[in-house]
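File shown: model_14.txt (compact mmCIF, C-alpha atoms and all ligand atoms).
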# COMPACT_ATOMS: atom_id res chain seq x y z
CA MET M 1 46.72 66.38 9.74
CA PRO M 2 48.23 69.32 7.86
CA ARG M 3 51.24 70.95 9.47
CA ALA M 4 50.64 74.33 11.06
CA ASP M 5 51.86 77.20 8.93
CA THR M 6 55.21 78.67 9.85
CA ARG M 7 55.24 82.35 10.78
CA GLU M 8 56.63 83.14 7.31
CA VAL M 9 53.86 81.29 5.53
CA ALA M 10 51.18 82.83 7.73
CA GLU M 11 52.56 86.33 7.10
CA LEU M 12 52.68 85.72 3.35
CA LYS M 13 49.07 84.57 3.32
CA GLN M 14 48.15 87.69 5.25
CA ILE M 15 49.74 89.88 2.56
CA LYS M 16 47.74 88.05 -0.07
CA ALA M 17 44.52 88.68 1.83
CA GLU M 18 45.24 92.37 2.34
CA GLN M 19 46.82 93.12 -1.05
CA PRO M 20 45.23 90.88 -3.70
CA GLU M 21 47.32 92.61 -6.38
CA LEU M 22 50.35 90.83 -4.87
CA ALA M 23 48.71 87.37 -4.97
CA THR M 24 50.86 85.98 -7.79
CA ALA M 25 54.09 87.18 -6.19
CA VAL M 26 53.01 85.67 -2.87
CA ASP M 27 52.15 82.33 -4.47
CA MET M 28 55.55 82.13 -6.15
CA GLN M 29 57.27 83.00 -2.89
CA LEU M 30 55.27 80.36 -1.01
CA ALA M 31 56.39 77.74 -3.52
CA LEU M 32 60.06 78.83 -3.28
CA VAL M 33 59.98 79.00 0.53
CA ASP M 34 58.56 75.49 0.63
CA VAL M 35 61.37 74.06 -1.54
CA GLN M 36 64.04 75.90 0.44
CA ARG M 37 62.70 74.85 3.81
CA ARG M 38 62.58 71.21 2.82
CA VAL M 39 66.13 71.23 1.46
CA GLN M 40 67.59 73.19 4.32
CA GLY M 41 66.22 70.65 6.78
CA ARG M 42 68.33 67.97 5.07
CA VAL M 43 71.57 69.96 4.82
CA PRO M 44 73.92 69.36 7.76
CA LEU M 45 75.56 72.27 9.54
CA PRO M 46 79.10 72.06 8.11
CA TRP M 47 82.20 72.17 10.25
CA ILE M 48 84.34 74.71 8.44
CA GLN M 49 88.00 74.68 9.35
CA VAL M 50 89.38 78.18 9.05
CA ASP M 51 92.99 79.10 9.71
CA PRO M 52 92.91 82.32 11.80
CA ALA M 53 95.75 83.91 9.80
CA TRP M 54 93.96 83.18 6.51
CA LEU M 55 90.72 84.56 7.96
CA ARG M 56 92.43 87.79 8.94
CA SER M 57 94.07 88.19 5.55
CA GLN M 58 90.78 87.52 3.72
CA GLN M 59 88.98 90.08 5.86
CA ALA M 60 91.73 92.65 5.49
CA ALA M 61 91.52 92.28 1.70
CA GLY M 62 87.71 92.53 1.74
CA ARG M 63 87.36 88.93 0.57
CA PRO M 64 84.70 86.57 1.93
CA LEU M 65 85.26 83.31 3.82
CA VAL M 66 83.21 80.48 2.35
CA ARG M 67 85.25 78.48 -0.15
CA PHE M 68 83.41 76.32 -2.64
CA GLU M 69 84.74 73.17 -0.93
CA ASP M 70 83.14 74.28 2.35
CA ILE M 71 79.60 74.18 0.95
CA PRO M 72 77.90 70.92 2.04
CA LEU M 73 76.63 70.16 -1.46
CA GLU M 74 74.98 66.83 -2.00
CA TRP M 75 74.71 66.77 -5.76
CA SER M 76 71.55 64.76 -6.26
CA ASP M 77 69.84 67.02 -3.72
CA PHE M 78 71.23 70.13 -5.39
CA ARG M 79 70.11 68.98 -8.84
CA LEU M 80 66.61 68.43 -7.51
CA THR M 81 66.54 71.88 -5.90
CA PHE M 82 67.87 73.45 -9.09
CA ARG M 83 65.17 71.77 -11.16
CA GLN M 84 62.34 72.58 -8.74
CA THR M 85 63.44 76.21 -8.54
CA ALA M 86 63.51 76.54 -12.33
CA ASP M 87 60.07 74.88 -12.53
CA ILE M 88 58.59 77.38 -10.08
CA LEU M 89 60.10 80.41 -11.82
CA GLN M 90 58.83 79.14 -15.16
CA ARG M 91 55.36 78.39 -13.80
CA PHE M 92 55.04 81.98 -12.53
CA GLU M 93 56.51 83.41 -15.73
CA ALA M 94 59.64 84.69 -14.04
CA LEU M 95 61.68 82.72 -16.60
CA GLU M 96 61.27 82.79 -20.38
CA ARG M 97 60.32 79.42 -21.80
CA ASP M 98 63.44 79.27 -23.96
CA ASP M 99 65.73 80.11 -21.04
CA TYR M 100 63.94 77.54 -18.91
CA ARG M 101 64.59 74.81 -21.47
CA LYS M 102 68.30 75.62 -21.66
CA ILE M 103 68.66 75.88 -17.89
CA VAL M 104 67.00 72.56 -17.08
CA ALA M 105 69.12 70.90 -19.78
CA PHE M 106 72.24 71.82 -17.76
CA GLY M 107 70.65 70.23 -14.71
CA ARG M 108 69.65 67.07 -16.55
CA ASP M 109 73.13 66.26 -17.77
CA GLY M 110 74.64 64.57 -14.70
CA ASN M 111 78.14 65.96 -15.14
CA ALA M 112 77.44 69.39 -16.61
CA LEU M 113 76.06 71.12 -13.55
CA GLU M 114 78.88 70.53 -11.10
CA PRO M 115 81.61 72.55 -12.89
CA ILE M 116 79.06 75.27 -13.76
CA VAL M 117 78.14 75.76 -10.12
CA ARG M 118 81.75 75.69 -8.97
CA ASN M 119 82.83 78.17 -11.62
CA TRP M 120 79.87 80.47 -10.97
CA TYR M 121 80.46 80.50 -7.22
CA GLU M 122 84.18 81.12 -7.56
CA ALA M 123 83.69 83.89 -10.12
CA THR M 124 80.97 85.66 -8.12
CA SER M 125 82.21 85.23 -4.54
CA GLY M 126 85.67 86.73 -4.87
CA VAL M 127 87.02 84.32 -2.21
CA ASP M 128 89.96 83.73 -4.51
CA ALA M 129 91.37 86.95 -5.95
CA THR M 130 92.45 85.21 -9.17
CA ALA M 131 88.95 84.06 -10.26
CA ASP M 132 87.63 85.92 -13.31
CA PRO M 133 84.20 87.48 -12.64
CA ARG M 134 83.53 87.77 -16.38
CA ALA M 135 83.58 83.99 -16.85
CA ARG M 136 80.77 83.35 -14.38
CA VAL M 137 78.57 81.18 -16.61
CA PRO M 138 79.17 79.22 -19.85
CA PRO M 139 78.76 81.36 -22.99
CA ASP M 140 75.68 79.38 -24.07
CA ALA M 141 73.85 79.86 -20.75
CA PRO M 142 71.06 82.46 -20.51
CA ALA M 143 71.69 85.33 -18.06
CA SER M 144 68.65 84.25 -16.05
CA ILE M 145 70.54 81.15 -14.86
CA ASP M 146 71.94 83.50 -12.18
CA GLN M 147 68.55 83.73 -10.50
CA VAL M 148 68.12 79.94 -10.47
CA LEU M 149 71.63 79.40 -9.09
CA VAL M 150 71.19 82.03 -6.35
CA LEU M 151 67.99 80.42 -5.12
CA ALA M 152 69.10 76.79 -5.51
CA LEU M 153 72.40 77.32 -3.71
CA ARG M 154 70.84 79.36 -0.88
CA PRO M 155 69.84 76.50 1.47
CA PHE M 156 73.36 75.03 1.26
CA LEU M 157 75.18 78.33 1.54
CA ALA M 158 72.96 79.58 4.35
CA ARG M 159 74.17 76.66 6.47
CA CYS M 160 77.79 77.79 5.91
CA ALA M 161 76.99 81.36 6.93
CA GLU M 162 75.14 80.02 9.96
CA ALA M 163 78.15 77.90 10.97
CA LEU M 164 80.66 80.71 10.50
CA ALA M 165 78.59 83.54 11.97
CA GLN M 166 78.74 81.85 15.38
CA ARG M 167 82.51 82.11 15.56
CA THR M 168 83.59 84.95 13.30
CA ASP M 169 84.21 88.49 14.48
CA LEU M 170 82.83 90.81 11.80
CA GLY M 171 83.68 93.94 13.77
CA ALA M 172 86.18 95.15 11.19
CA TRP M 173 84.10 94.27 8.11
CA SER M 174 82.94 97.55 6.59
CA HIS M 175 82.21 96.42 3.03
CA GLY M 176 78.96 96.50 1.09
CA HIS M 177 79.27 92.85 0.03
CA CYS M 178 78.68 89.71 2.10
CA PRO M 179 81.52 88.70 4.46
CA PHE M 180 80.69 85.00 3.90
CA CYS M 181 79.81 84.53 0.22
CA GLY M 182 80.69 87.89 -1.35
CA TRP M 183 77.27 88.54 -2.91
CA GLU M 184 75.40 91.85 -2.74
CA PRO M 185 72.83 92.73 -0.09
CA ASP M 186 69.25 92.67 -1.35
CA PHE M 187 67.57 93.86 1.83
CA ALA M 188 68.42 95.53 5.12
CA VAL M 189 67.07 95.92 8.62
CA ILE M 190 67.18 98.98 10.87
CA THR M 191 67.72 97.65 14.38
CA PRO M 192 65.98 99.00 17.51
CA SER M 193 69.24 100.86 18.28
CA ALA M 194 69.02 102.54 14.84
CA ASP M 195 71.95 100.66 13.30
CA ARG M 196 71.59 99.22 9.84
CA ARG M 197 72.34 95.60 9.02
CA LEU M 198 72.56 94.45 5.42
CA ILE M 199 71.18 91.06 4.40
CA CYS M 200 72.92 89.00 1.73
CA GLY M 201 70.84 88.25 -1.35
CA ARG M 202 72.44 84.81 -1.68
CA CYS M 203 73.16 83.30 1.78
CA VAL M 204 70.91 85.62 3.88
CA ALA M 205 73.73 86.40 6.33
CA GLN M 206 73.56 89.80 8.06
CA TRP M 207 76.30 92.31 8.77
CA ALA M 208 76.46 95.84 10.14
CA PHE M 209 76.95 98.68 7.67
CA ALA M 210 76.96 102.47 7.94
CA PRO M 211 73.31 103.63 7.91
CA LEU M 212 73.64 106.22 5.13
CA THR M 213 76.40 104.87 2.90
CA CYS M 214 75.55 103.21 -0.41
CA PRO M 215 76.63 99.54 -0.22
CA PHE M 216 76.94 99.34 -4.00
CA CYS M 217 79.32 102.23 -4.72
CA ALA M 218 80.39 103.34 -1.20
CA ASN M 219 79.04 106.87 -1.75
CA GLU M 220 78.79 108.40 1.73
CA ASP M 221 77.64 111.90 0.85
CA ARG M 222 74.30 112.12 2.65
CA ALA M 223 73.13 114.81 0.25
CA LEU M 224 73.34 112.18 -2.49
CA ILE M 225 71.31 109.50 -0.69
CA THR M 226 67.54 109.77 -1.13
CA SER M 227 65.59 107.98 1.56
CA PHE M 228 61.84 107.54 1.84
CA ALA M 229 59.53 105.40 3.98
CA THR M 230 56.16 103.77 3.62
CA ARG M 231 53.25 105.61 5.22
CA ASP M 232 53.10 103.16 8.14
CA GLY M 233 56.84 103.60 8.76
CA ARG M 234 57.46 99.88 8.43
CA TYR M 235 59.76 99.99 5.45
CA ARG M 236 62.29 102.39 4.04
CA VAL M 237 64.19 102.79 0.76
CA TYR M 238 67.72 104.12 0.48
CA ALA M 239 68.50 105.24 -3.05
CA CYS M 240 71.90 106.40 -4.24
CA ASP M 241 72.09 109.43 -6.53
CA VAL M 242 75.60 108.46 -7.62
CA CYS M 243 75.14 104.87 -8.89
CA ARG M 244 71.29 105.05 -9.04
CA ARG M 245 70.84 101.78 -7.16
CA TYR M 246 68.56 101.35 -4.15
CA LEU M 247 68.11 99.07 -1.17
CA LYS M 248 64.97 98.40 0.84
CA ALA M 249 64.94 98.04 4.61
CA TYR M 250 62.63 96.79 7.33
CA ASP M 251 62.44 99.27 10.19
CA ALA M 252 62.48 97.14 13.34
CA ARG M 253 62.49 100.12 15.71
CA HIS M 254 58.77 99.98 16.38
CA ALA M 255 58.04 96.55 14.95
CA THR M 256 56.30 93.63 16.60
CA ARG M 257 58.34 90.95 14.82
CA PRO M 258 61.90 90.56 13.49
CA VAL M 259 62.73 91.03 9.82
CA MET M 260 61.66 88.12 7.57
CA VAL M 261 63.26 88.60 4.19
CA ALA M 262 61.00 86.14 2.36
CA VAL M 263 57.99 88.10 3.59
CA ASP M 264 59.32 91.65 3.63
CA SER M 265 60.74 91.48 0.11
CA ILE M 266 57.23 90.69 -1.17
CA ALA M 267 55.44 93.19 1.07
CA THR M 268 57.70 95.91 -0.36
CA LEU M 269 57.10 95.22 -4.06
CA PRO M 270 55.12 98.50 -4.30
CA LEU M 271 58.25 100.27 -2.99
CA ASP M 272 60.29 98.79 -5.84
CA ALA M 273 57.81 100.28 -8.26
CA ALA M 274 58.11 103.66 -6.52
CA ALA M 275 61.92 103.55 -6.58
CA MET M 276 62.01 102.56 -10.24
CA GLN M 277 59.56 105.29 -11.10
CA ARG M 278 62.07 107.74 -9.67
CA GLY M 279 64.71 106.30 -11.98
CA TYR M 280 66.58 104.01 -9.59
CA VAL M 281 67.52 100.39 -10.32
CA GLY M 282 67.34 97.37 -8.01
ZN ZN G 1 76.25 85.86 1.48
ZN ZN G 2 75.73 104.07 -4.96

Starting from the coordinates I provided, produce the structure as structure tokens.
Amino acid sequence: MPRADTREVAELKQIKAEQPELATAVDMQLALVDVQRRVQGRVPLPWIQVDPAWLRSQQAAGRPLVRFEDIPLEWSDFRLTFRQTADILQRFEALERDDYRKIVAFGRDGNALEPIVRNWYEATSGVDATADPRARVPPDAPASIDQVLVLALRPFLARCAEALAQRTDLGAWSHGHCPFCGWEPDFAVITPSADRRLICGRCVAQWAFAPLTCPFCANEDRALITSFATRDGRYRVYACDVCRRYLKAYDARHATRPVMVAVDSIATLPLDAAAMQRGYVG
């Protein structure tokens, strides 16, 4: 008997029924969600040993907490996830054929992928202040490898954020980047008490952030933040007139369900178009 759809899958199918123009985006998301859910079920919740003094010094310096060694990476499982993710992106034309060929070649060579992933994570997380963010990927790798790495690492990294979130006080964290993996937010949620929580685009952790400050450039001049909502009031965009970037949010104040990034990021694709039309970048 087929398994009942999860809430996420059911919501995605609903979007497809109501907005057929989003069908391709929904189908790609369904495929990605399926891969991620299967992997995440196999990844153990890691026990991350954190020295309280080190934790305080990392937080005080605005540096995140998950070190590469903490990620419960099982390499054959990661390689499979990496390959399946690239296959899906290619199938839905989110990856150029040439880029796809180069990217899967890295994954095929048993020893090539491990140092690439380590180097990319260290360069992009900022856990270690000495890592060079310019050397994130090998010179012969296409820029689109970022997208494959973000998605393939997510199930493993999400388990780290889950483990740490239970016992880390984020009260003093006021930065626009993720307190666990250092990546940027790619979505937000407005809570019933009208606070804003940012959601990491890599490990999906959430953290509180000032409602009208730009997380990308820290601009806090309200006159230079443009905000607009969808007609039903479900979603909102915050766009920054200083750095021209924008962030979408799910408004949970009158909602019947919690935020679901995999669903809400697809439901808001028309908002991306509207923001870009006004000259903002994602
Ligand atoms: Zn993160
Ligand atoms: Zn900004």

Counting all atoms listed in the file, which residues of chain M sit at most 8 Å from some atom of ligand ZN 1 (chain G), and what is each one's closest atom pair with its distance in Å to one decimal, listed by chain and rising residue number, as a Markdown table?
| residue | atom | partner | partner_atom | distance |
| --- | --- | --- | --- | --- |
| M:Leu157 | CA | G:ZN1 | ZN | 7.6 |
| M:Ala158 | CA | G:ZN1 | ZN | 7.6 |
| M:Ala161 | CA | G:ZN1 | ZN | 7.1 |
| M:His177 | CA | G:ZN1 | ZN | 7.8 |
| M:Cys178 | CA | G:ZN1 | ZN | 4.6 |
| M:Pro179 | CA | G:ZN1 | ZN | 6.7 |
| M:Phe180 | CA | G:ZN1 | ZN | 5.1 |
| M:Cys181 | CA | G:ZN1 | ZN | 4.0 |
| M:Gly182 | CA | G:ZN1 | ZN | 5.6 |
| M:Trp183 | CA | G:ZN1 | ZN | 5.2 |
| M:Glu184 | CA | G:ZN1 | ZN | 7.4 |
| M:Pro185 | CA | G:ZN1 | ZN | 7.8 |
| M:Ile199 | CA | G:ZN1 | ZN | 7.8 |
| M:Cys200 | CA | G:ZN1 | ZN | 4.6 |
| M:Gly201 | CA | G:ZN1 | ZN | 6.6 |
| M:Arg202 | CA | G:ZN1 | ZN | 5.1 |
| M:Cys203 | CA | G:ZN1 | ZN | 4.0 |
| M:Val204 | CA | G:ZN1 | ZN | 5.9 |
| M:Ala205 | CA | G:ZN1 | ZN | 5.5 |

Residues of chain M that have any atom at most 12 Å from an atom of ligand ZN 2 (chain G): could you tabulate them with the shortest-distance atom pair and the distance in Å to one decimal, using all atoms listed in the file, ordered by chain and increasing number, as CSV?
residue,atom,partner,partner_atom,distance
M:Gly176,CA,G:ZN2,ZN,10.2
M:Leu212,CA,G:ZN2,ZN,10.5
M:Thr213,CA,G:ZN2,ZN,7.9
M:Cys214,CA,G:ZN2,ZN,4.6
M:Pro215,CA,G:ZN2,ZN,6.6
M:Phe216,CA,G:ZN2,ZN,5.0
M:Cys217,CA,G:ZN2,ZN,4.0
M:Ala218,CA,G:ZN2,ZN,6.0
M:Asn219,CA,G:ZN2,ZN,5.4
M:Glu220,CA,G:ZN2,ZN,8.5
M:Asp221,CA,G:ZN2,ZN,9.9
M:Arg222,CA,G:ZN2,ZN,11.2
M:Leu224,CA,G:ZN2,ZN,8.8
M:Ile225,CA,G:ZN2,ZN,8.2
M:Thr226,CA,G:ZN2,ZN,10.7
M:Tyr238,CA,G:ZN2,ZN,9.7
M:Ala239,CA,G:ZN2,ZN,7.6
M:Cys240,CA,G:ZN2,ZN,4.5
M:Asp241,CA,G:ZN2,ZN,6.7
M:Val242,CA,G:ZN2,ZN,5.1
M:Cys243,CA,G:ZN2,ZN,4.1
M:Arg244,CA,G:ZN2,ZN,6.1
M:Arg245,CA,G:ZN2,ZN,5.8
M:Tyr246,CA,G:ZN2,ZN,7.7
M:Leu247,CA,G:ZN2,ZN,9.9
M:Tyr280,CA,G:ZN2,ZN,10.3
M:Val281,CA,G:ZN2,ZN,10.5
M:Gly282,CA,G:ZN2,ZN,11.2

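When atom CA of Val261 of chain M is paired with atom CA of Asp99 of chain M, their separation reads 26.7 Å.
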
Do a neighbour search on segment 264-276 of chain M at 8 Å with all atoms listed in the file, toss out local chain neighbours closer than 2 positions, and write the hits as a PyMOL selection string.
chain M and resi 15+22+25-26+29+187+230+235+237+239+246+248+250+259-262+278-282

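Between Leu170 of chain M and the residues M:Pro72, M:Gly233, M:Gly62, M:Gly110, the shortest atom-to-atom distance, using all atoms listed in the file, involves M:Gly62.
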
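Shortest separation to Gln84 of chain M among M:Asp51, M:Glu21, M:Asp70, M:Asp34 occurs at residue M:Asp34, atoms counted being all atoms listed in the file.
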
Could you state the separation of atom CA of Asp27 of chain M and atom CA of Arg79 of chain M in Å, given to one decimal place?
22.8 Å

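The space between atom CA of Leu55 of chain M and atom CA of Ala152 of chain M spans 26.6 Å.
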
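Checking M:Gln58, M:Lys16, M:Ala131, M:Ala10 one by one against Ala172 of chain M, counting all atoms listed in the file, you find the shortest gap at M:Gln58.
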